[in-house]
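K.L.:
query.txt is the file, holding compact mmCIF, N, CA and C atoms:
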```
# COMPACT_ATOMS: atom_id res chain seq x y z
N MET J 1 219.99 87.29 100.44
CA MET J 1 218.80 88.04 100.11
C MET J 1 218.86 88.42 98.63
N THR J 2 217.76 88.17 97.92
CA THR J 2 217.74 88.52 96.51
C THR J 2 217.29 89.96 96.32
N ARG J 3 217.83 90.57 95.31
CA ARG J 3 217.52 91.95 95.00
C ARG J 3 216.21 92.01 94.21
N PRO J 4 215.31 92.95 94.55
CA PRO J 4 214.06 93.05 93.80
C PRO J 4 214.34 93.46 92.36
N PRO J 5 213.47 93.06 91.44
CA PRO J 5 213.67 93.43 90.04
C PRO J 5 213.65 94.95 89.87
N ASP J 6 214.46 95.44 88.95
CA ASP J 6 214.48 96.87 88.68
C ASP J 6 213.15 97.32 88.11
N PHE J 7 212.69 98.47 88.58
CA PHE J 7 211.45 99.03 88.07
C PHE J 7 211.74 99.80 86.79
N ARG J 8 210.91 99.59 85.79
CA ARG J 8 211.00 100.39 84.58
C ARG J 8 209.67 100.33 83.84
N ILE J 9 209.49 101.29 82.96
CA ILE J 9 208.29 101.38 82.14
C ILE J 9 208.72 101.49 80.69
N LEU J 10 208.20 100.62 79.87
CA LEU J 10 208.43 100.68 78.43
C LEU J 10 207.18 101.29 77.81
N THR J 11 207.33 102.45 77.19
CA THR J 11 206.20 103.16 76.60
C THR J 11 206.28 103.07 75.08
N GLU J 12 205.19 102.63 74.47
CA GLU J 12 205.11 102.53 73.01
C GLU J 12 203.82 103.15 72.54
N ARG J 13 203.92 103.89 71.43
CA ARG J 13 202.72 104.50 70.85
C ARG J 13 202.45 103.89 69.49
N SER J 14 201.19 103.56 69.25
CA SER J 14 200.75 103.06 67.96
C SER J 14 199.46 103.80 67.61
N GLY J 15 199.58 104.84 66.81
CA GLY J 15 198.41 105.66 66.49
C GLY J 15 197.85 106.30 67.75
N PRO J 16 196.55 106.12 67.99
CA PRO J 16 195.93 106.74 69.16
C PRO J 16 196.06 105.93 70.45
N THR J 17 196.85 104.84 70.39
CA THR J 17 197.01 103.96 71.55
C THR J 17 198.41 104.05 72.11
N VAL J 18 198.50 104.18 73.43
CA VAL J 18 199.79 104.16 74.13
C VAL J 18 199.80 102.97 75.07
N SER J 19 200.86 102.18 74.98
CA SER J 19 201.03 101.02 75.86
C SER J 19 202.12 101.32 76.87
N LEU J 20 201.83 101.04 78.12
CA LEU J 20 202.80 101.18 79.21
C LEU J 20 203.04 99.79 79.77
N GLN J 21 204.20 99.21 79.46
CA GLN J 21 204.53 97.90 80.01
C GLN J 21 205.37 98.15 81.26
N VAL J 22 204.88 97.64 82.39
CA VAL J 22 205.50 97.92 83.68
C VAL J 22 206.28 96.69 84.15
N PHE J 23 207.53 96.91 84.55
CA PHE J 23 208.43 95.84 84.99
C PHE J 23 208.85 96.09 86.44
N GLY J 24 209.02 95.02 87.20
CA GLY J 24 209.56 95.13 88.56
C GLY J 24 208.48 95.23 89.61
N GLU J 25 208.67 96.19 90.51
CA GLU J 25 207.75 96.37 91.63
C GLU J 25 207.12 97.75 91.57
N LEU J 26 205.80 97.79 91.56
CA LEU J 26 205.06 99.05 91.55
C LEU J 26 204.54 99.27 92.97
N ASP J 27 205.21 100.18 93.66
CA ASP J 27 204.91 100.39 95.08
C ASP J 27 205.10 101.85 95.45
N LEU J 28 205.15 102.14 96.73
CA LEU J 28 205.29 103.50 97.22
C LEU J 28 206.49 104.21 96.61
N ALA J 29 207.57 103.50 96.42
CA ALA J 29 208.79 104.10 95.89
C ALA J 29 208.73 104.36 94.39
N THR J 30 207.99 103.54 93.65
CA THR J 30 208.01 103.63 92.19
C THR J 30 206.73 104.19 91.57
N ALA J 31 205.64 104.21 92.30
CA ALA J 31 204.37 104.71 91.76
C ALA J 31 204.49 106.14 91.21
N PRO J 32 205.26 107.03 91.84
CA PRO J 32 205.41 108.37 91.26
C PRO J 32 206.00 108.35 89.85
N ARG J 33 206.84 107.39 89.55
CA ARG J 33 207.40 107.29 88.20
C ARG J 33 206.32 106.91 87.19
N LEU J 34 205.43 105.99 87.58
CA LEU J 34 204.32 105.64 86.70
C LEU J 34 203.40 106.84 86.52
N GLU J 35 203.10 107.55 87.58
CA GLU J 35 202.23 108.71 87.49
C GLU J 35 202.83 109.79 86.60
N ALA J 36 204.14 109.99 86.68
CA ALA J 36 204.81 110.97 85.81
C ALA J 36 204.72 110.54 84.35
N GLU J 37 204.88 109.26 84.08
CA GLU J 37 204.77 108.77 82.70
C GLU J 37 203.33 108.92 82.20
N ILE J 38 202.36 108.68 83.05
CA ILE J 38 200.96 108.86 82.68
C ILE J 38 200.70 110.33 82.33
N GLU J 39 201.23 111.25 83.11
CA GLU J 39 201.06 112.69 82.82
C GLU J 39 201.66 113.04 81.47
N HIS J 40 202.82 112.48 81.18
CA HIS J 40 203.47 112.72 79.89
C HIS J 40 202.59 112.19 78.74
N VAL J 41 202.06 110.99 78.91
CA VAL J 41 201.21 110.36 77.89
C VAL J 41 199.93 111.17 77.69
N ARG J 42 199.35 111.64 78.76
CA ARG J 42 198.10 112.41 78.67
C ARG J 42 198.26 113.67 77.86
N ALA J 43 199.45 114.22 77.82
CA ALA J 43 199.70 115.46 77.10
C ALA J 43 199.75 115.26 75.58
N GLU J 44 199.83 114.02 75.14
CA GLU J 44 199.92 113.74 73.71
C GLU J 44 198.58 113.95 73.02
N GLN J 45 198.64 114.47 71.81
CA GLN J 45 197.43 114.73 71.02
C GLN J 45 196.84 113.43 70.47
N GLY J 46 195.54 113.37 70.40
CA GLY J 46 194.86 112.25 69.77
C GLY J 46 194.82 110.96 70.57
N LEU J 47 195.08 111.03 71.84
CA LEU J 47 195.08 109.83 72.68
C LEU J 47 193.67 109.27 72.78
N ARG J 48 193.51 107.97 72.48
CA ARG J 48 192.21 107.32 72.59
C ARG J 48 192.23 106.14 73.56
N ARG J 49 193.43 105.53 73.75
CA ARG J 49 193.50 104.36 74.62
C ARG J 49 194.88 104.28 75.27
N VAL J 50 194.87 103.94 76.56
CA VAL J 50 196.10 103.64 77.29
C VAL J 50 195.99 102.19 77.77
N ILE J 51 197.01 101.42 77.44
CA ILE J 51 197.07 100.02 77.88
C ILE J 51 198.16 99.93 78.94
N VAL J 52 197.80 99.43 80.11
CA VAL J 52 198.77 99.21 81.18
C VAL J 52 199.01 97.71 81.26
N ASP J 53 200.18 97.29 80.86
CA ASP J 53 200.54 95.88 80.78
C ASP J 53 201.29 95.48 82.05
N LEU J 54 200.65 94.64 82.86
CA LEU J 54 201.22 94.24 84.16
C LEU J 54 201.85 92.85 84.14
N ARG J 55 201.99 92.25 82.97
CA ARG J 55 202.49 90.87 82.89
C ARG J 55 203.90 90.70 83.43
N LYS J 56 204.71 91.74 83.41
CA LYS J 56 206.10 91.65 83.89
C LYS J 56 206.28 92.27 85.27
N LEU J 57 205.18 92.57 85.92
CA LEU J 57 205.23 93.16 87.26
C LEU J 57 205.41 92.05 88.29
N ALA J 58 206.36 92.23 89.19
CA ALA J 58 206.62 91.22 90.22
C ALA J 58 205.83 91.49 91.50
N PHE J 59 205.48 92.76 91.73
CA PHE J 59 204.82 93.13 92.99
C PHE J 59 204.01 94.39 92.76
N LEU J 60 202.87 94.47 93.40
CA LEU J 60 202.00 95.65 93.35
C LEU J 60 201.46 95.89 94.74
N ASP J 61 201.61 97.13 95.23
CA ASP J 61 200.99 97.46 96.51
C ASP J 61 199.86 98.45 96.28
N SER J 62 199.23 98.89 97.36
CA SER J 62 198.06 99.76 97.22
C SER J 62 198.40 101.10 96.59
N THR J 63 199.62 101.58 96.76
CA THR J 63 200.03 102.84 96.15
C THR J 63 200.08 102.70 94.63
N GLY J 64 200.64 101.61 94.16
CA GLY J 64 200.68 101.35 92.72
C GLY J 64 199.29 101.15 92.16
N LEU J 65 198.46 100.46 92.90
CA LEU J 65 197.08 100.24 92.48
C LEU J 65 196.33 101.57 92.38
N GLU J 66 196.57 102.45 93.32
CA GLU J 66 195.91 103.76 93.30
C GLU J 66 196.31 104.57 92.07
N ALA J 67 197.55 104.43 91.61
CA ALA J 67 197.98 105.13 90.39
C ALA J 67 197.16 104.65 89.19
N ILE J 68 196.89 103.36 89.13
CA ILE J 68 196.09 102.80 88.03
C ILE J 68 194.63 103.26 88.15
N ILE J 69 194.12 103.30 89.36
CA ILE J 69 192.74 103.77 89.58
C ILE J 69 192.61 105.25 89.18
N ARG J 70 193.60 106.06 89.53
CA ARG J 70 193.58 107.48 89.14
C ARG J 70 193.59 107.62 87.62
N LEU J 71 194.39 106.81 86.94
CA LEU J 71 194.40 106.83 85.48
C LEU J 71 193.01 106.52 84.94
N HIS J 72 192.35 105.54 85.51
CA HIS J 72 190.99 105.18 85.08
C HIS J 72 190.03 106.36 85.27
N ARG J 73 190.12 107.04 86.39
CA ARG J 73 189.24 108.19 86.66
C ARG J 73 189.50 109.32 85.67
N VAL J 74 190.76 109.60 85.41
CA VAL J 74 191.13 110.65 84.46
C VAL J 74 190.62 110.29 83.07
N ALA J 75 190.74 109.03 82.70
CA ALA J 75 190.28 108.59 81.39
C ALA J 75 188.78 108.83 81.23
N GLU J 76 188.02 108.58 82.26
CA GLU J 76 186.58 108.83 82.20
C GLU J 76 186.31 110.32 82.00
N GLU J 77 187.06 111.17 82.68
CA GLU J 77 186.87 112.62 82.57
C GLU J 77 187.33 113.15 81.22
N GLU J 78 188.41 112.59 80.68
CA GLU J 78 189.01 113.12 79.46
C GLU J 78 188.65 112.30 78.22
N ASP J 79 187.78 111.33 78.37
CA ASP J 79 187.22 110.56 77.27
C ASP J 79 188.26 109.77 76.47
N PHE J 80 189.05 108.96 77.18
CA PHE J 80 189.86 107.95 76.52
C PHE J 80 189.72 106.66 77.32
N GLU J 81 190.09 105.54 76.71
CA GLU J 81 189.94 104.23 77.34
C GLU J 81 191.21 103.83 78.08
N VAL J 82 191.03 103.04 79.11
CA VAL J 82 192.15 102.41 79.80
C VAL J 82 191.88 100.92 79.85
N ALA J 83 192.86 100.15 79.41
CA ALA J 83 192.78 98.69 79.50
C ALA J 83 193.99 98.22 80.30
N VAL J 84 193.77 97.21 81.11
CA VAL J 84 194.85 96.62 81.92
C VAL J 84 195.03 95.18 81.46
N ILE J 85 196.28 94.83 81.15
CA ILE J 85 196.59 93.44 80.85
C ILE J 85 196.99 92.79 82.16
N ARG J 86 196.28 91.76 82.50
CA ARG J 86 196.40 91.08 83.78
C ARG J 86 197.86 90.68 84.08
N GLY J 87 198.26 90.89 85.33
CA GLY J 87 199.59 90.51 85.77
C GLY J 87 199.62 89.13 86.39
N PRO J 88 200.77 88.78 86.95
CA PRO J 88 200.91 87.48 87.62
C PRO J 88 199.91 87.35 88.78
N ARG J 89 199.76 86.16 89.25
CA ARG J 89 198.75 85.87 90.28
C ARG J 89 198.86 86.78 91.50
N ALA J 90 200.06 87.03 92.00
CA ALA J 90 200.23 87.89 93.17
C ALA J 90 199.74 89.31 92.90
N VAL J 91 199.95 89.80 91.69
CA VAL J 91 199.49 91.13 91.30
C VAL J 91 197.98 91.13 91.11
N GLU J 92 197.48 90.13 90.43
CA GLU J 92 196.05 90.03 90.14
C GLU J 92 195.23 89.91 91.42
N ARG J 93 195.78 89.29 92.42
CA ARG J 93 195.05 89.08 93.68
C ARG J 93 194.57 90.40 94.27
N LEU J 94 195.40 91.42 94.22
CA LEU J 94 195.02 92.72 94.77
C LEU J 94 193.83 93.31 94.00
N PHE J 95 193.81 93.15 92.68
CA PHE J 95 192.67 93.61 91.89
C PHE J 95 191.40 92.89 92.31
N SER J 96 191.50 91.58 92.54
CA SER J 96 190.33 90.79 92.92
C SER J 96 189.84 91.16 94.31
N VAL J 97 190.76 91.28 95.26
CA VAL J 97 190.39 91.61 96.63
C VAL J 97 189.66 92.96 96.68
N MET J 98 190.13 93.91 95.89
CA MET J 98 189.52 95.24 95.87
C MET J 98 188.32 95.30 94.91
N GLN J 99 188.01 94.19 94.26
CA GLN J 99 186.91 94.06 93.31
C GLN J 99 187.05 95.03 92.13
N LEU J 100 188.28 95.37 91.81
CA LEU J 100 188.52 96.26 90.69
C LEU J 100 188.38 95.54 89.36
N ASP J 101 188.43 94.22 89.40
CA ASP J 101 188.23 93.46 88.18
C ASP J 101 186.80 93.64 87.67
N ARG J 102 185.93 94.21 88.49
CA ARG J 102 184.55 94.51 88.08
C ARG J 102 184.41 95.91 87.51
N ARG J 103 185.33 96.81 87.87
CA ARG J 103 185.24 98.21 87.46
C ARG J 103 186.17 98.56 86.30
N LEU J 104 187.29 97.88 86.22
CA LEU J 104 188.28 98.19 85.20
C LEU J 104 188.19 97.22 84.04
N TRP J 105 188.65 97.66 82.88
CA TRP J 105 188.71 96.80 81.71
C TRP J 105 190.01 96.01 81.80
N ILE J 106 189.91 94.74 82.20
CA ILE J 106 191.07 93.89 82.40
C ILE J 106 190.99 92.72 81.44
N VAL J 107 192.09 92.48 80.73
CA VAL J 107 192.14 91.37 79.78
C VAL J 107 193.32 90.48 80.12
N ASP J 108 193.25 89.24 79.66
CA ASP J 108 194.34 88.28 79.87
C ASP J 108 195.42 88.39 78.81
N ASP J 109 195.02 88.80 77.63
CA ASP J 109 195.91 88.73 76.47
C ASP J 109 195.72 90.00 75.64
N PRO J 110 196.82 90.58 75.13
CA PRO J 110 196.69 91.76 74.28
C PRO J 110 195.81 91.52 73.06
N ALA J 111 195.72 90.29 72.59
CA ALA J 111 194.86 89.97 71.44
C ALA J 111 193.40 90.27 71.76
N ASP J 112 193.02 90.21 73.04
CA ASP J 112 191.66 90.53 73.43
C ASP J 112 191.34 92.00 73.17
N LEU J 113 192.36 92.84 73.17
CA LEU J 113 192.17 94.25 72.89
C LEU J 113 191.93 94.50 71.41
N ALA J 114 192.59 93.72 70.57
CA ALA J 114 192.45 93.88 69.12
C ALA J 114 191.01 93.65 68.68
N SER J 115 190.34 92.74 69.34
CA SER J 115 188.96 92.47 68.96
C SER J 115 188.03 93.58 69.42
N ALA J 116 188.52 94.45 70.32
CA ALA J 116 187.70 95.54 70.83
C ALA J 116 188.06 96.88 70.17
N GLY J 117 188.88 96.84 69.14
CA GLY J 117 189.26 98.09 68.48
C GLY J 117 190.72 98.07 68.10
N ASP J 118 191.34 99.24 68.10
CA ASP J 118 192.74 99.34 67.68
C ASP J 118 193.65 99.11 68.87
N ALA J 119 194.48 98.09 68.81
CA ALA J 119 195.42 97.80 69.90
C ALA J 119 196.82 98.15 69.50
```
Rewrite the structure from the file as structure tokens, please.
P.N.:
Amino acid sequence: MTRPPDFRILTERSGPTVSLQVFGELDLATAPRLEAEIEHVRAEQGLRRVIVDLRKLAFLDSTGLEAIIRLHRVAEEEDFEVAVIRGPRAVERLFSVMQLDRRLWIVDDPADLASAGDA
């Protein structure tokens, strides 16, 4: 039996933009860690954009997806943007099934964000 990839979040700030690169499996066990990091990021002054990079995510369940949806709702209330960089096919499938690809700002490549402002 193979061991699942370790979950971790790499957080980087560039001016008013914070990037959260998520590695491993985002599920019931790890979603609270993402939510805690989001709370930490929200407390920063001058936040204008949060990028959630799912390219290194191996697995996403509904709990992890709900954390991303909550971030989107908070962003609407607190007037900052949320962009999601599309993950692998297994991860992306959940977004498509839930039709979130119609509600969330999802891009294939970080360069797509640069054309929309400061990335």
K.L.:
Can you tell me, as a PyMOL selection string, what residues are no more than 9 Å from stretch 36-49 of chain J when counting only C-alpha atoms, ignoring any on the same chain fewer than 3 positions away?
P.N.:
chain J and resi 9+11+15-20+31-33+71+75+79-83+118-119
K.L.:
Those residues you just picked out, can you put them in a file as a PDB file, in the coordinates of the input with N, CA and C atoms?
P.N.:
```pdb
ATOM      1  N   ILE J   9     209.490 101.290  82.960  1.00  0.00           N
ATOM      2  CA  ILE J   9     208.290 101.380  82.140  1.00  0.00           C
ATOM      3  C   ILE J   9     208.720 101.490  80.690  1.00  0.00           C
ATOM      4  N   THR J  11     207.330 102.450  77.190  1.00  0.00           N
ATOM      5  CA  THR J  11     206.200 103.160  76.600  1.00  0.00           C
ATOM      6  C   THR J  11     206.280 103.070  75.080  1.00  0.00           C
ATOM      7  N   GLY J  15     199.580 104.840  66.810  1.00  0.00           N
ATOM      8  CA  GLY J  15     198.410 105.660  66.490  1.00  0.00           C
ATOM      9  C   GLY J  15     197.850 106.300  67.750  1.00  0.00           C
ATOM     10  N   PRO J  16     196.550 106.120  67.990  1.00  0.00           N
ATOM     11  CA  PRO J  16     195.930 106.740  69.160  1.00  0.00           C
ATOM     12  C   PRO J  16     196.060 105.930  70.450  1.00  0.00           C
ATOM     13  N   THR J  17     196.850 104.840  70.390  1.00  0.00           N
ATOM     14  CA  THR J  17     197.010 103.960  71.550  1.00  0.00           C
ATOM     15  C   THR J  17     198.410 104.050  72.110  1.00  0.00           C
ATOM     16  N   VAL J  18     198.500 104.180  73.430  1.00  0.00           N
ATOM     17  CA  VAL J  18     199.790 104.160  74.130  1.00  0.00           C
ATOM     18  C   VAL J  18     199.800 102.970  75.070  1.00  0.00           C
ATOM     19  N   SER J  19     200.860 102.180  74.980  1.00  0.00           N
ATOM     20  CA  SER J  19     201.030 101.020  75.860  1.00  0.00           C
ATOM     21  C   SER J  19     202.120 101.320  76.870  1.00  0.00           C
ATOM     22  N   LEU J  20     201.830 101.040  78.120  1.00  0.00           N
ATOM     23  CA  LEU J  20     202.800 101.180  79.210  1.00  0.00           C
ATOM     24  C   LEU J  20     203.040  99.790  79.770  1.00  0.00           C
ATOM     25  N   ALA J  31     205.640 104.210  92.300  1.00  0.00           N
ATOM     26  CA  ALA J  31     204.370 104.710  91.760  1.00  0.00           C
ATOM     27  C   ALA J  31     204.490 106.140  91.210  1.00  0.00           C
ATOM     28  N   PRO J  32     205.260 107.030  91.840  1.00  0.00           N
ATOM     29  CA  PRO J  32     205.410 108.370  91.260  1.00  0.00           C
ATOM     30  C   PRO J  32     206.000 108.350  89.850  1.00  0.00           C
ATOM     31  N   ARG J  33     206.840 107.390  89.550  1.00  0.00           N
ATOM     32  CA  ARG J  33     207.400 107.290  88.200  1.00  0.00           C
ATOM     33  C   ARG J  33     206.320 106.910  87.190  1.00  0.00           C
ATOM     34  N   LEU J  71     194.390 106.810  86.940  1.00  0.00           N
ATOM     35  CA  LEU J  71     194.400 106.830  85.480  1.00  0.00           C
ATOM     36  C   LEU J  71     193.010 106.520  84.940  1.00  0.00           C
ATOM     37  N   ALA J  75     190.740 109.030  82.700  1.00  0.00           N
ATOM     38  CA  ALA J  75     190.280 108.590  81.390  1.00  0.00           C
ATOM     39  C   ALA J  75     188.780 108.830  81.230  1.00  0.00           C
ATOM     40  N   ASP J  79     187.780 111.330  78.370  1.00  0.00           N
ATOM     41  CA  ASP J  79     187.220 110.560  77.270  1.00  0.00           C
ATOM     42  C   ASP J  79     188.260 109.770  76.470  1.00  0.00           C
ATOM     43  N   PHE J  80     189.050 108.960  77.180  1.00  0.00           N
ATOM     44  CA  PHE J  80     189.860 107.950  76.520  1.00  0.00           C
ATOM     45  C   PHE J  80     189.720 106.660  77.320  1.00  0.00           C
ATOM     46  N   GLU J  81     190.090 105.540  76.710  1.00  0.00           N
ATOM     47  CA  GLU J  81     189.940 104.230  77.340  1.00  0.00           C
ATOM     48  C   GLU J  81     191.210 103.830  78.080  1.00  0.00           C
ATOM     49  N   VAL J  82     191.030 103.040  79.110  1.00  0.00           N
ATOM     50  CA  VAL J  82     192.150 102.410  79.800  1.00  0.00           C
ATOM     51  C   VAL J  82     191.880 100.920  79.850  1.00  0.00           C
ATOM     52  N   ALA J  83     192.860 100.150  79.410  1.00  0.00           N
ATOM     53  CA  ALA J  83     192.780  98.690  79.500  1.00  0.00           C
ATOM     54  C   ALA J  83     193.990  98.220  80.300  1.00  0.00           C
ATOM     55  N   ASP J 118     191.340  99.240  68.100  1.00  0.00           N
ATOM     56  CA  ASP J 118     192.740  99.340  67.680  1.00  0.00           C
ATOM     57  C   ASP J 118     193.650  99.110  68.870  1.00  0.00           C
ATOM     58  N   ALA J 119     194.480  98.090  68.810  1.00  0.00           N
ATOM     59  CA  ALA J 119     195.420  97.800  69.900  1.00  0.00           C
ATOM     60  C   ALA J 119     196.820  98.150  69.500  1.00  0.00           C
TER      61      ALA J 119
END
```
K.L.:
Within 10 Å of J:Ser62, counting only C-alpha atoms, which residues show up once you throw out same-chain ones fewer than 4 positions away? Write them as number ranges by chain, please.
P.N.:
J: 26-28, 31, 66-68, 94-95, 98
K.L.:
If you count only C-alpha atoms, which residues fall within 9 Å of J:Arg8, apart from same-chain ones fewer than 6 positions away, as an mmCIF file with N, CA and C atoms, in the coordinates of the input?
P.N.:
```cif
data_model
loop_
_atom_site.group_PDB
_atom_site.id
_atom_site.type_symbol
_atom_site.label_atom_id
_atom_site.label_comp_id
_atom_site.auth_asym_id
_atom_site.auth_seq_id
_atom_site.Cartn_x
_atom_site.Cartn_y
_atom_site.Cartn_z
ATOM 1 N N GLN J 21 204.200 99.210 79.460
ATOM 2 C CA GLN J 21 204.530 97.900 80.010
ATOM 3 C C GLN J 21 205.370 98.150 81.260
ATOM 4 N N VAL J 22 204.880 97.640 82.390
ATOM 5 C CA VAL J 22 205.500 97.920 83.680
ATOM 6 C C VAL J 22 206.280 96.690 84.150
ATOM 7 N N PHE J 23 207.530 96.910 84.550
ATOM 8 C CA PHE J 23 208.430 95.840 84.990
ATOM 9 C C PHE J 23 208.850 96.090 86.440
ATOM 10 N N GLY J 24 209.020 95.020 87.200
ATOM 11 C CA GLY J 24 209.560 95.130 88.560
ATOM 12 C C GLY J 24 208.480 95.230 89.610
ATOM 13 N N GLU J 25 208.670 96.190 90.510
ATOM 14 C CA GLU J 25 207.750 96.370 91.630
ATOM 15 C C GLU J 25 207.120 97.750 91.570
ATOM 16 N N THR J 30 207.990 103.540 93.650
ATOM 17 C CA THR J 30 208.010 103.630 92.190
ATOM 18 C C THR J 30 206.730 104.190 91.570
ATOM 19 N N ARG J 33 206.840 107.390 89.550
ATOM 20 C CA ARG J 33 207.400 107.290 88.200
ATOM 21 C C ARG J 33 206.320 106.910 87.190
ATOM 22 N N LEU J 34 205.430 105.990 87.580
ATOM 23 C CA LEU J 34 204.320 105.640 86.700
ATOM 24 C C LEU J 34 203.400 106.840 86.520
#
```
K.L.:
From the DSSP assignment of the backbone, select every residue of stretch 3-113 of chain J that is strand (DSSP E or B), and format the answer as a ChimeraX atom specification.
P.N.:
/J:8-14,17-26,49-60,81-85,105-107
K.L.:
Counting only N, CA and C atoms, which of J:Arg13, J:Arg70, J:Arg86, J:Arg55 gets nearest to J:Ile106?
P.N.:
J:Arg86
K.L.:
I want to know what sits within 8 Å of J:Asp109, based on all atoms listed in the file, with residues of the same chain fewer than 4 positions away left out; could you give that as number ranges by chain?
P.N.:
J: 84-86, 113-114
K.L.:
How far is it from atom N of J:Glu76 to atom N of J:Glu92, in Å with one decimal?
P.N.:
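Taking atom N of J:Glu76 and atom N of J:Glu92, their separation equals 22.3 Å.
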K.L.:
Would you mind reading off the distance between atom N of J:Phe59 and atom N of J:Glu77, one decimal, in Å?
P.N.:
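Atom-to-atom, atom N of J:Phe59 to atom N of J:Glu77, that is 27.6 Å.
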K.L.:
What residues in stretch 55-101 of chain J get the DSSP label alpha helix (DSSP H)? Please answer as a PyMOL selection string.
P.N.:
chain J and resi 62-78+89-97
K.L.:
Can you work out the spacing between atom CA of J:Asp101 and atom CA of J:Glu78 in Å, to one decimal?
P.N.:
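Answer for the atom CA of J:Asp101 to atom CA of J:Glu78 separation: 21.5 Å.
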K.L.:
I'd like to know which of J:Asp6, J:Val50, J:Pro88, J:Leu100 is closest to J:Leu65, using only C-alpha atoms.
P.N.:
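Closest residue, counting only C-alpha atoms: J:Leu100.
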K.L.:
Using only C-alpha atoms, can you tell me which of J:Ile69, J:Ala29, J:Leu10, J:Leu54 comes closest to J:Asp108?
P.N.:
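For J:Asp108, the nearest of the candidates is J:Leu54.
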